[in-house]
Structure formats: structure tokens, C-alpha cells
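Asker: What follows is the file data22.txt, containing compact mmCIF, C-alpha atoms:
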```
# COMPACT_ATOMS: atom_id res chain seq x y z
CA MET A 6 20.32 22.31 5.76
CA PRO A 7 20.51 23.98 2.32
CA ALA A 8 18.75 22.52 -0.71
CA GLN A 9 20.14 19.15 -1.72
CA MET A 10 22.52 18.77 -4.67
CA PRO A 11 25.24 16.27 -5.62
CA LYS A 12 28.67 16.58 -4.01
CA ARG A 13 30.57 15.50 -7.13
CA VAL A 14 29.38 15.38 -10.72
CA LYS A 15 30.94 14.29 -13.98
CA TRP A 16 29.27 16.98 -16.13
CA ARG A 17 28.27 20.51 -15.10
CA LYS A 18 25.23 20.77 -17.36
CA ALA A 19 22.74 18.26 -18.75
CA GLN A 20 20.39 18.20 -21.71
CA LYS A 21 16.74 18.82 -21.04
CA GLY A 22 15.42 15.33 -21.79
CA ARG A 23 11.84 14.10 -21.45
CA ILE A 24 10.14 12.19 -18.65
CA ARG A 25 8.47 9.26 -20.36
CA GLY A 26 6.59 6.30 -18.96
CA ASN A 27 5.77 5.22 -15.45
CA ALA A 28 7.98 4.34 -12.52
CA THR A 29 9.01 0.70 -12.50
CA ARG A 30 11.49 1.15 -9.67
CA GLY A 31 11.10 3.15 -6.48
CA ASN A 32 7.32 2.75 -6.66
CA LYS A 33 6.84 0.82 -3.41
CA VAL A 34 7.06 1.74 0.26
CA GLU A 35 10.33 0.12 1.33
CA PHE A 36 11.57 1.71 4.55
CA GLY A 37 8.71 3.27 6.50
CA ASP A 38 5.07 2.31 6.94
CA PHE A 39 3.47 5.03 4.82
CA GLY A 40 4.49 6.85 1.67
CA LEU A 41 3.73 9.77 -0.61
CA GLN A 42 3.48 8.66 -4.23
CA SER A 43 3.64 10.89 -7.28
CA LEU A 44 0.72 10.63 -9.71
CA GLU A 45 2.26 12.60 -12.57
CA PRO A 46 5.67 13.19 -14.09
CA GLY A 47 7.65 16.27 -13.11
CA ARG A 48 10.78 17.82 -11.71
CA VAL A 49 11.07 18.19 -7.93
CA SER A 50 13.76 20.71 -7.06
CA GLY A 51 16.17 20.35 -4.16
CA ARG A 52 14.46 23.25 -2.43
CA GLN A 53 11.04 21.64 -2.73
CA ILE A 54 12.40 18.40 -1.26
CA GLU A 55 13.92 20.38 1.60
CA ALA A 56 10.65 22.28 2.13
CA GLY A 57 8.81 18.94 2.36
CA ARG A 58 11.33 17.57 4.84
CA ILE A 59 11.06 20.67 7.06
CA ALA A 60 7.24 20.61 6.89
CA ALA A 61 7.27 16.98 8.00
CA GLN A 62 9.78 17.37 10.77
CA HIS A 63 8.13 20.49 12.20
CA PHE A 64 4.81 18.67 12.32
CA LEU A 65 6.21 15.40 13.70
CA GLN A 66 8.46 17.10 16.27
CA ARG A 67 10.38 14.19 17.80
CA GLU A 68 8.00 11.47 16.67
CA GLY A 69 8.59 8.91 13.92
CA ARG A 70 11.15 8.93 11.14
CA VAL A 71 11.03 10.55 7.70
CA TYR A 72 12.72 8.96 4.69
CA ILE A 73 13.41 10.96 1.51
CA ARG A 74 13.31 8.61 -1.48
CA ILE A 75 14.33 11.01 -4.25
CA PHE A 76 17.51 13.01 -4.88
CA PRO A 77 18.04 15.98 -7.22
CA HIS A 78 20.67 14.61 -9.63
CA LYS A 79 19.82 16.74 -12.65
CA PRO A 80 21.23 20.27 -13.15
CA ILE A 81 18.62 22.62 -14.63
CA SER A 82 20.13 25.64 -16.35
CA SER A 83 18.56 28.96 -17.21
CA LYS A 84 19.62 32.14 -18.93
CA PRO A 85 19.66 35.46 -17.03
CA LEU A 86 16.85 37.94 -17.66
CA GLU A 87 17.14 40.39 -20.54
CA THR A 88 19.87 38.37 -22.19
CA ARG A 89 20.02 37.95 -25.95
CA MET A 90 19.78 34.45 -27.31
CA GLY A 91 22.96 32.53 -28.04
CA LYS A 92 26.31 32.78 -26.24
CA GLY A 93 26.02 29.20 -25.06
CA LYS A 94 23.95 27.33 -22.49
CA GLY A 95 22.95 29.19 -19.34
CA ASP A 96 24.36 28.51 -15.91
CA THR A 97 22.88 25.90 -13.57
CA ASP A 98 19.90 27.45 -11.82
CA TYR A 99 18.87 24.58 -9.57
CA TRP A 100 19.06 20.81 -9.18
CA ALA A 101 16.01 18.62 -9.66
CA ALA A 102 14.87 15.05 -9.18
CA LEU A 103 13.01 13.61 -12.16
CA VAL A 104 9.82 11.98 -10.96
CA LYS A 105 7.62 9.56 -12.88
CA PRO A 106 4.02 8.56 -12.05
CA GLY A 107 4.30 6.00 -9.27
CA THR A 108 7.56 7.24 -7.73
CA VAL A 109 7.51 7.22 -3.94
CA LEU A 110 8.79 10.64 -2.84
CA PHE A 111 8.71 10.44 0.96
CA GLU A 112 8.13 7.73 3.55
CA ILE A 113 7.27 7.88 7.24
CA GLY A 114 7.68 5.19 9.87
CA GLY A 115 6.96 4.90 13.59
CA VAL A 116 3.73 6.95 13.66
CA THR A 117 0.01 6.20 13.42
CA ALA A 118 -1.82 6.31 10.10
CA ASP A 119 -3.66 9.52 11.02
CA VAL A 120 -0.45 11.36 11.91
CA ALA A 121 1.25 10.03 8.76
CA LYS A 122 -1.68 11.15 6.59
CA THR A 123 -1.62 14.70 7.99
CA THR A 124 2.15 14.89 7.59
CA MET A 125 2.02 13.65 4.01
CA LEU A 126 -0.67 16.23 3.21
CA ARG A 127 1.67 18.94 4.48
CA ILE A 128 4.51 17.57 2.35
CA ALA A 129 2.20 17.24 -0.68
CA HIS A 130 1.46 20.97 -0.49
CA LYS A 131 5.17 21.62 -1.09
CA MET A 132 5.40 19.29 -4.08
CA PRO A 133 5.03 20.40 -7.72
CA VAL A 134 3.24 17.17 -8.68
CA ARG A 135 -0.08 15.62 -7.65
CA CYS A 136 0.49 12.98 -4.98
CA ARG A 137 -1.40 10.30 -3.09
CA PHE A 138 -0.97 8.73 0.33
CA ILE A 139 -0.07 5.03 0.31
CA GLU A 140 0.57 2.36 2.91
CA ARG A 141 3.13 -0.40 2.94
CA ARG A 142 1.72 -3.58 1.50
CA HIS A 143 2.65 -7.24 1.72
CA SER A 144 4.62 -8.33 -1.33
CA LEU A 145 1.75 -10.50 -2.68
CA MET B 20 -6.78 -21.70 7.42
CA HIS B 21 -9.33 -20.02 5.15
CA VAL B 22 -9.10 -20.73 1.41
CA ALA B 23 -10.56 -18.06 -0.84
CA ASN B 24 -12.68 -19.10 -3.85
CA LEU B 25 -11.79 -17.44 -7.13
CA LYS B 26 -13.92 -17.33 -10.24
CA GLY B 27 -11.92 -18.16 -13.32
CA GLU B 28 -11.87 -19.47 -16.85
CA ARG B 29 -9.33 -20.46 -19.46
CA ARG B 30 -8.16 -17.60 -21.65
CA LYS B 31 -6.97 -17.09 -25.18
CA LEU B 32 -3.43 -15.93 -25.79
CA GLY B 33 -2.04 -13.18 -27.89
CA GLY B 34 -2.37 -9.64 -29.12
CA LYS B 35 -4.53 -7.34 -27.08
CA GLU B 36 -6.35 -10.20 -25.37
CA ASN B 37 -4.99 -9.32 -21.93
CA ASN B 38 -6.37 -5.80 -22.06
CA ARG B 39 -9.74 -7.15 -23.20
CA ILE B 40 -9.70 -9.51 -20.20
CA ARG B 41 -8.88 -6.65 -17.82
CA ASN B 42 -11.68 -4.54 -19.28
CA ARG B 43 -14.12 -7.35 -18.39
CA GLY B 44 -13.19 -7.14 -14.67
CA LEU B 45 -10.84 -10.12 -14.81
CA ILE B 46 -7.07 -10.35 -14.76
CA PRO B 47 -4.88 -12.71 -16.78
CA GLY B 48 -2.94 -15.38 -14.96
CA VAL B 49 -0.86 -18.49 -15.44
CA ILE B 50 -0.90 -21.81 -13.60
CA TYR B 51 2.27 -23.89 -13.44
CA GLY B 52 4.02 -26.49 -11.31
CA HIS B 53 4.26 -30.25 -10.77
CA LYS B 54 6.11 -30.56 -14.11
CA GLU B 55 2.88 -30.20 -16.07
CA ASP B 56 2.25 -27.83 -18.95
CA PRO B 57 1.30 -24.30 -17.96
CA GLU B 58 -2.35 -23.27 -18.24
CA PHE B 59 -3.46 -19.75 -19.07
CA VAL B 60 -6.43 -18.47 -17.12
CA SER B 61 -8.27 -15.32 -16.22
CA VAL B 62 -9.57 -14.79 -12.68
CA GLY B 63 -12.06 -12.39 -11.14
CA VAL B 64 -10.27 -9.33 -9.83
CA LYS B 65 -12.85 -8.61 -7.13
CA GLU B 66 -12.44 -11.98 -5.40
CA LEU B 67 -8.67 -11.85 -5.85
CA ARG B 68 -8.48 -8.44 -4.21
CA LEU B 69 -10.46 -9.73 -1.22
CA ALA B 70 -8.15 -12.74 -0.92
CA LEU B 71 -5.05 -10.53 -1.10
CA ASP B 72 -6.45 -8.08 1.45
CA GLU B 73 -6.98 -11.00 3.82
CA LEU B 74 -3.36 -12.12 3.16
CA GLN B 75 -4.50 -15.47 1.74
CA HIS B 76 -1.76 -17.58 0.16
CA VAL B 77 -3.91 -20.44 -1.13
CA VAL B 78 -6.94 -20.05 -3.38
CA SER B 79 -9.34 -22.56 -4.91
CA LEU B 80 -10.21 -22.18 -8.56
CA ASP B 81 -12.40 -24.06 -11.01
CA ILE B 82 -11.29 -23.79 -14.63
CA GLY B 83 -13.30 -26.67 -16.01
CA ALA B 84 -11.51 -29.71 -14.59
CA GLY B 85 -13.02 -29.46 -11.10
CA VAL B 86 -12.05 -27.30 -8.13
CA ALA B 87 -8.34 -27.37 -7.33
CA GLN B 88 -6.20 -25.44 -4.89
CA TYR B 89 -3.33 -23.23 -5.97
CA LEU B 90 -0.65 -21.25 -4.19
CA ILE B 91 -0.43 -17.56 -5.13
CA LYS B 92 3.18 -17.38 -6.25
CA ASP B 93 3.32 -13.82 -7.55
CA VAL B 94 1.06 -10.86 -8.24
CA GLN B 95 2.02 -8.04 -10.59
CA TYR B 96 0.60 -4.58 -9.96
CA ASP B 97 0.26 -1.50 -12.12
CA HIS B 98 2.77 1.35 -11.91
CA LEU B 99 0.97 2.91 -8.94
CA ASN B 100 1.18 -0.44 -7.14
CA LYS B 101 -2.59 -0.23 -6.77
CA ASP B 102 -4.44 -2.65 -9.07
CA PRO B 103 -3.29 -6.23 -9.81
CA ILE B 104 -2.62 -6.81 -13.52
CA HIS B 105 -1.38 -10.42 -13.56
CA ILE B 106 -1.25 -13.41 -11.23
CA ASP B 107 0.99 -16.50 -11.05
CA LEU B 108 -0.58 -19.58 -9.46
CA MET B 109 1.29 -22.77 -8.57
CA ARG B 110 -0.20 -26.24 -8.40
CA VAL B 111 0.11 -27.69 -4.89
CA ASP B 112 -0.93 -30.78 -2.96
CA ALA B 113 -2.59 -30.37 0.39
CA ASN B 114 0.24 -32.19 2.20
CA GLU B 115 3.08 -30.46 0.33
CA ARG B 116 5.55 -28.22 2.14
CA VAL B 117 6.21 -24.86 0.48
CA ARG B 118 8.38 -21.79 0.95
CA VAL B 119 6.39 -18.58 1.26
CA ARG B 120 6.91 -15.05 2.49
CA VAL B 121 4.64 -14.22 5.42
CA ALA B 122 3.87 -10.72 6.67
CA VAL B 123 5.11 -9.69 10.11
CA GLU B 124 2.91 -7.22 11.98
CA LEU B 125 4.18 -5.79 15.25
CA LYS B 126 1.89 -5.75 18.28
CA GLY B 127 2.11 -3.53 21.31
CA ASP B 128 3.77 -0.24 22.13
CA PRO B 129 7.47 -0.62 22.99
CA HIS B 130 8.41 1.04 26.26
CA GLY B 131 11.59 2.31 24.58
CA ALA B 132 9.33 4.57 22.54
CA HIS B 133 8.38 6.38 25.75
CA GLU B 134 12.07 6.92 26.54
CA GLY B 135 12.66 8.94 23.39
CA GLY B 136 13.09 6.07 20.95
CA VAL B 137 11.49 5.39 17.58
CA LEU B 138 10.27 1.90 16.66
CA THR B 139 11.63 0.93 13.24
CA HIS B 140 10.06 -2.06 11.51
CA VAL B 141 13.04 -3.37 9.57
CA MET B 142 11.72 -6.67 8.20
CA THR B 143 8.06 -6.61 7.31
CA GLU B 144 7.95 -10.17 6.01
CA ILE B 145 9.97 -13.33 6.53
CA GLU B 146 10.44 -16.46 4.48
CA VAL B 147 9.06 -19.60 6.10
CA GLU B 148 8.65 -23.25 5.16
CA CYS B 149 5.43 -24.96 6.14
CA GLY B 150 2.58 -27.16 4.93
CA VAL B 151 0.33 -25.61 2.29
CA MET B 152 -2.72 -25.71 4.51
CA ALA B 153 -0.80 -24.39 7.52
CA ILE B 154 0.54 -21.14 6.07
CA PRO B 155 0.06 -18.45 8.73
CA GLU B 156 -1.66 -15.32 7.42
CA LEU B 157 0.32 -13.09 9.76
CA ILE B 158 3.09 -13.38 12.31
CA GLU B 159 2.37 -11.00 15.16
CA PRO B 160 5.24 -10.66 17.64
CA ASN B 161 4.74 -8.50 20.70
CA VAL B 162 7.27 -5.68 20.92
CA SER B 163 6.02 -4.03 24.12
CA HIS B 164 9.06 -5.39 26.04
CA LEU B 165 11.57 -3.65 23.74
CA GLY B 166 13.55 -0.92 25.46
CA LEU B 167 15.76 1.76 23.96
CA ASN B 168 18.44 0.33 21.62
CA GLU B 169 16.92 -3.15 21.84
CA SER B 170 15.92 -5.29 18.86
CA LEU B 171 13.62 -8.17 18.04
CA HIS B 172 15.34 -10.86 15.97
CA VAL B 173 14.04 -13.69 13.78
CA ARG B 174 15.14 -16.19 16.48
CA ASP B 175 12.80 -14.47 18.98
CA LEU B 176 9.69 -15.16 16.90
CA LYS B 177 7.19 -17.68 18.21
CA LEU B 178 6.04 -19.48 15.08
CA PRO B 179 3.07 -21.88 14.88
CA GLU B 180 3.79 -25.60 14.97
CA GLY B 181 5.24 -26.95 11.71
CA VAL B 182 6.35 -23.52 10.51
CA VAL B 183 10.13 -23.07 10.14
CA ALA B 184 11.73 -19.67 9.53
CA LEU B 185 14.25 -19.73 6.68
CA SER B 186 15.55 -16.21 7.25
CA ASP B 187 18.82 -15.77 9.16
CA PRO B 188 18.05 -16.11 12.92
CA ASP B 189 20.16 -13.00 13.60
CA ASP B 190 18.18 -10.81 11.20
CA VAL B 191 16.51 -7.87 12.91
CA ILE B 192 12.71 -7.69 12.68
CA ALA B 193 12.25 -4.46 14.60
CA THR B 194 14.42 -2.14 16.62
CA VAL B 195 13.94 0.84 18.91
CA LYS B 196 16.55 3.50 18.25
CA ALA B 197 17.01 6.88 19.90
CA HIS B 198 15.49 9.70 17.89
CA ARG B 199 18.13 11.69 16.06
CA GLY B 200 16.30 14.90 16.87
CA VAL B 201 14.96 17.59 14.60
CA VAL B 202 17.74 18.89 12.38
CA GLU B 203 17.19 22.59 11.92
CA ALA B 204 18.39 24.21 8.73
CA PRO B 205 21.51 26.29 9.43
CA VAL B 206 21.37 29.89 8.27
CA VAL B 207 23.33 30.15 5.03
CA GLU B 208 25.13 33.43 4.39
CA GLY B 209 23.79 34.69 1.09
CA GLU B 210 21.86 32.55 -1.35
CA GLU B 211 23.35 29.13 -2.18
CA ALA B 212 26.71 29.32 -0.40
CA ALA B 213 28.18 26.23 -2.09
CA ALA B 214 26.55 26.60 -5.49
CA GLU B 215 28.74 24.25 -7.55
CA PRO B 216 29.53 20.60 -6.92
CA GLU B 217 33.02 19.19 -7.43
CA MET B 218 33.79 17.89 -10.93
CA ILE B 219 34.87 14.26 -11.30
CA GLY B 220 37.88 13.66 -13.52
CA ARG B 221 38.76 17.33 -14.01
CA VAL B 222 42.14 18.60 -12.74
CA ALA B 223 41.42 21.14 -10.06
CA LYS B 224 43.07 24.52 -10.56
CA THR B 225 44.07 24.67 -6.89
CA ASP B 226 46.52 22.14 -5.45
CA GLU B 227 43.88 20.28 -3.47
CA PRO B 228 44.50 16.51 -3.30
CA GLU B 229 41.64 14.38 -4.68
```
Any chance you could put this one into C-alpha cells?
Answerer:
Amino acid sequence: MPAQMPKRVKWRKAQKGRIRGNATRGNKVEFGDFGLQSLEPGRVSGRQIEAGRIAAQHFLQREGRVYIRIFPHKPISSKPLETRMGKGKGDTDYWAALVKPGTVLFEIGGVTADVAKTTMLRIAHKMPVRCRFIERRHSL
Amino acid sequence: MHVANLKGERRKLGGKENNRIRNRGLIPGVIYGHKEDPEFVSVGVKELRLALDELQHVVSLDIGAGVAQYLIKDVQYDHLNKDPIHIDLMRVDANERVRVRVAVELKGDPHGAHEGGVLTHVMTEIEVECGVMAIPELIEPNVSHLGLNESLHVRDLKLPEGVVALSDPDDVIATVKAHRGVVEAPVVEGEEAAAEPEMIGRVAKTDEPE
């Protein structure tokens, strides 16, 4: 599976923007039993998400189920090397998911806590942001 | 049923008072219910954490007018979903019936999991109606009988006496589904074969129908 990106978009390029504040949505384990939560803001590229998924599935083999909670919606453009400034915005280089502190990046279900912890550590090595391992909690 | 004791006091309102309360190892809270005026309190975070870890729904609290029992209606957490930052307590009578969400924890190893299935816990809590002093801390159904492509529904739960499930009886609590297998990444010719997504609302240059 190649790196994730949208199938259809309304605009080819997007402004840079800033990642402000903390996650108020997508900051709980919803589908699996364990999750990997981001501790800092950042951009996670489609390739990094794919690398995390492959790391998890190779370690889990046929056990459990992996859920990917983020999607790279944002086109990140860059100018080619040795190009003079100007001549418009560069072409899209890659697609990234914007992540805020608290965002749950991956979830795992159907495995023991030890297996989930090891898997999440392997995924965390592929992520560009600091992460922590979390467990599903009762809503109270 | 065990009722946790919380330490608490009335609190002042306004400005940066809530942060001052949190810095003192307490968290702000509100008490409401029974058509009385709300009361603003602060409660000890240590005792509250213990009560929440033990899945307690009812706590006893003394805020000056004697010890009374309250139902934990809502707890707000920080952005990392780690530390409680605010609590909602509701006044209740001991013989009152209330609606609460109770955690469901699966017990046993389904034999479908040994046939290549994966146990998926779909509903981790259900809404029940019961007496305040009879709220179950956990509902623990046994799933060891579940085979491949079999599910446990709300109607299959054995609830304690006086506890009525309000969720749809056909809702699935847990299911054992065949593993979809490891999806290997196909080899892409060249870097980024399909590099550009389709544009919405732009007329395509080719005659492809939308």
C-alpha cells in the first residue's frame, strides 16, 4: 500500500498554517483497547503513517487489529533544489496529518497489554512526534 | 456496593480561582439536582482518582452540612485525557433509581480466536437503570463460548437483580471476526505512481464521466 493521500480534493495546495492548542477531539481511545497518543504538535506524513502501520502489522502477524486514527489531509509543498525564489508556490511534496497534543494516532485491539505496548513502541519509533501509550478508560 | 469518601469544601467563584484550586491538589466541581440551587465545591483529587479507578459511581462528601451521597455525573479531563480537571456531582436519595453508564469487561478467551478470529470489543459500556446503591461497578460477561463470526448481544447479558439495560437488546457487545490477514504493500513502479488526487469541481480535460 503506498503512502496515504486523499482521493479527491477541492484545492491542490494549502497555506502553511499553524498548529495551535491541544486536541479536544480524537483524544480518546474509541475503537481498540490501547492507543498511541501524541504529546506534541506536528505533521505526520502519509509515509510515516504507513511505516507505523507496517511496523505494527509485521510485529502482530495475524494477531489483533490495528486502527489508524489520523489521515494526511494537508498538501505540503516544496520548491525544487537550486531554484531561485519566486515563480509561484512549489509543487506538492507530500501529504501530512496535522497532530495536536493529545491526538490518538493509532489504536490496537484484541491483544494483551504487553503485546500492545511493544507494538506501540515500534510505531512510536516511526513517528515524528513524542508519543505515550494509553489504555481505554471508562467514560467517567 | 462500596461508597468512596471524598474530602471537599465550598469554593469561591471567578477569575483564576479554579487554577488556584487545582494547584492546591483539589479540583473544582459543582453539585446539582433535586431542583435545588447548585453548589460550587472543590474536592480532593487523590481520593477522586482512587474512586474513579475503582469505577465508583457514588461518593460521599461533607461540605459543611453533614455527609451526603452524590452520584458522579460527569468528569472532565485535560487534553491528554489523563488528569481530571472538573467534576459534576448530582444529589441522589438512597432509594432513587438512576440511569448510569456501566463498564463492560469481557472475561474468558473465545474459542473463535483459536480458529483465526479476532475478538473485537464493540461496546465497552452500556446504559442501565438501577437503584443508586445497587449500581454494578462492572458487567463481566463470559465470551469463551463465542466461535468464529459469533457475537455477544446486550440481550445475552446477565445483569444483577434490579438492573435493567436501556441499550438496544440487539446491540453487539463483542464479536469474533475472521482476521483480514496482513496486507502487504504492493511494489509501486517508480516513486509515487498516483501522485495527484482528483480535483473536485474542476472540469477534467479528458472525457471521463464524474
Asker: Check the smallest atom-to-atom distance from each of A:Gly40, A:Gly47, A:Pro80, A:Gly69 to A:Phe138 using all atoms listed in the file, then report the winner.
Answerer: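 When distances to A:Phe138 are compared using all atoms listed in the file, the smallest one comes from A:Gly40.
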Asker: Could you give me, as JSON lines, every chain A residue with an atom at most 6 Å from chain B, plus its closest atom pair and distance in Å to one decimal, counting only C-alpha atoms, rows ordered by chain then number?
Answerer:
```
{"residue": "A:Met6", "atom": "CA", "partner": "B:Ala204", "partner_atom": "CA", "distance": 4.0}
{"residue": "A:Lys12", "atom": "CA", "partner": "B:Pro216", "partner_atom": "CA", "distance": 5.0}
{"residue": "A:Arg13", "atom": "CA", "partner": "B:Glu217", "partner_atom": "CA", "distance": 4.4}
{"residue": "A:Val14", "atom": "CA", "partner": "B:Met218", "partner_atom": "CA", "distance": 5.1}
{"residue": "A:Lys15", "atom": "CA", "partner": "B:Ile219", "partner_atom": "CA", "distance": 4.8}
{"residue": "A:Gly69", "atom": "CA", "partner": "B:Val137", "partner_atom": "CA", "distance": 5.8}
{"residue": "A:Gly107", "atom": "CA", "partner": "B:Leu99", "partner_atom": "CA", "distance": 4.6}
{"residue": "A:Gly115", "atom": "CA", "partner": "B:Leu138", "partner_atom": "CA", "distance": 5.4}
{"residue": "A:Leu145", "atom": "CA", "partner": "B:Val94", "partner_atom": "CA", "distance": 5.6}
```
Asker: Work out how far atom CA of B:Leu178 is from atom CA of A:Glu35, in Å to one decimal.
Answerer: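 Atom CA of A:Glu35 sits 24.3 Å away from atom CA of B:Leu178.
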Asker: Residues near A:Ala121, anyone? I mean within 12 Å using only C-alpha atoms, not counting same-chain ones fewer than 3 positions away, as number ranges by chain.
Answerer: A: 37-41, 61-62, 64-65, 68-71, 111-118, 124-129, 138-140
Asker: Could you list, as a ChimeraX atom specification, every residue within 10 Å of stretch 96-99 of chain A, counting all atoms listed in the file and ignoring same-chain residues fewer than 6 positions away?
Answerer: /A:8-10,17-19,50-52,77,79-85 /B:211,214-215
Asker: Mind checking which residues fall within 9 Å of B:Leu125, counting only C-alpha atoms, ignoring those fewer than 5 positions away in the same chain, and posting them as an MDAnalysis selection string?
Answerer: chainID B and resid 140 143 158:162 193
Asker: Would you list the contacts of B:Glu36 as a short mmCIF file (atom, residue, chain, number, x, y, z; two decimals) with C-alpha atoms, in the coordinates of the input, taking every protein, DNA or RNA residue within 10 Å and counting all atoms listed in the file, but skipping same-chain residues closer than 6 positions in sequence?
Answerer:
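Final file, selection-v8.cif:
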```cif
data_model
loop_
_atom_site.label_atom_id
_atom_site.label_comp_id
_atom_site.auth_asym_id
_atom_site.auth_seq_id
_atom_site.Cartn_x
_atom_site.Cartn_y
_atom_site.Cartn_z
CA ARG B 30 -8.16 -17.60 -21.65
CA ASN B 42 -11.68 -4.54 -19.28
CA PRO B 47 -4.88 -12.71 -16.78
#
```
Asker: When distances are computed from only C-alpha atoms, which of B:Ala70, B:Leu80, B:Met20, B:Met109 shows the smallest separation from B:Gly150?
Answerer: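 Ranking B:Ala70, B:Leu80, B:Met20, B:Met109 by distance to B:Gly150, first place goes to B:Met20.
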Asker: Box along x, y and z, 6 Å on every side, all listed atoms of stretch 66-74 of chain A inside: centre and edge lengths in Å to one decimal, as AutoDock Vina command-line options.
Answerer:
```
--center_x 10.7 --center_y 12.9 --center_z 8.2 --size_x 17.4 --size_y 20.5 --size_z 31.3
```
Asker: One decimal, Å: what's the distance from atom CA of B:Gly85 over to atom CA of B:Arg39, could you say?
Answerer: 25.6 Å
Asker: Using only C-alpha atoms, which residue out of B:Glu115, B:His164, B:Asp102, B:Ala153 lies closest to B:Gly131?
Answerer: B:His164
Asker: In Å, with one decimal, what is the gap from atom CA of B:Leu108 to atom CA of B:Tyr51?
Answerer: 6.5 Å
Asker: Taking all atoms listed in the file into account, which of B:Glu180, B:Glu148, B:Glu169, B:Asp107 comes nearest B:Val60?
Answerer: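 Of B:Glu180, B:Glu148, B:Glu169, B:Asp107, the one nearest B:Val60, counting all atoms listed in the file, is B:Asp107.
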Asker: Between B:Val117, B:Leu45, B:Ala197, B:Leu67, which residue has the minimum interatomic distance to B:Leu167, considering all atoms listed in the file?
Answerer: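 Going through B:Val117, B:Leu45, B:Ala197, B:Leu67 one by one, the smallest distance to B:Leu167 is for B:Ala197.
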Asker: With distances taken over all atoms listed in the file, which residue among A:Leu86, A:Ile24, A:Gly95, A:Phe76 lies nearest A:Glu45?
Answerer: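 Nearest candidate to A:Glu45 out of A:Leu86, A:Ile24, A:Gly95, A:Phe76: A:Ile24.
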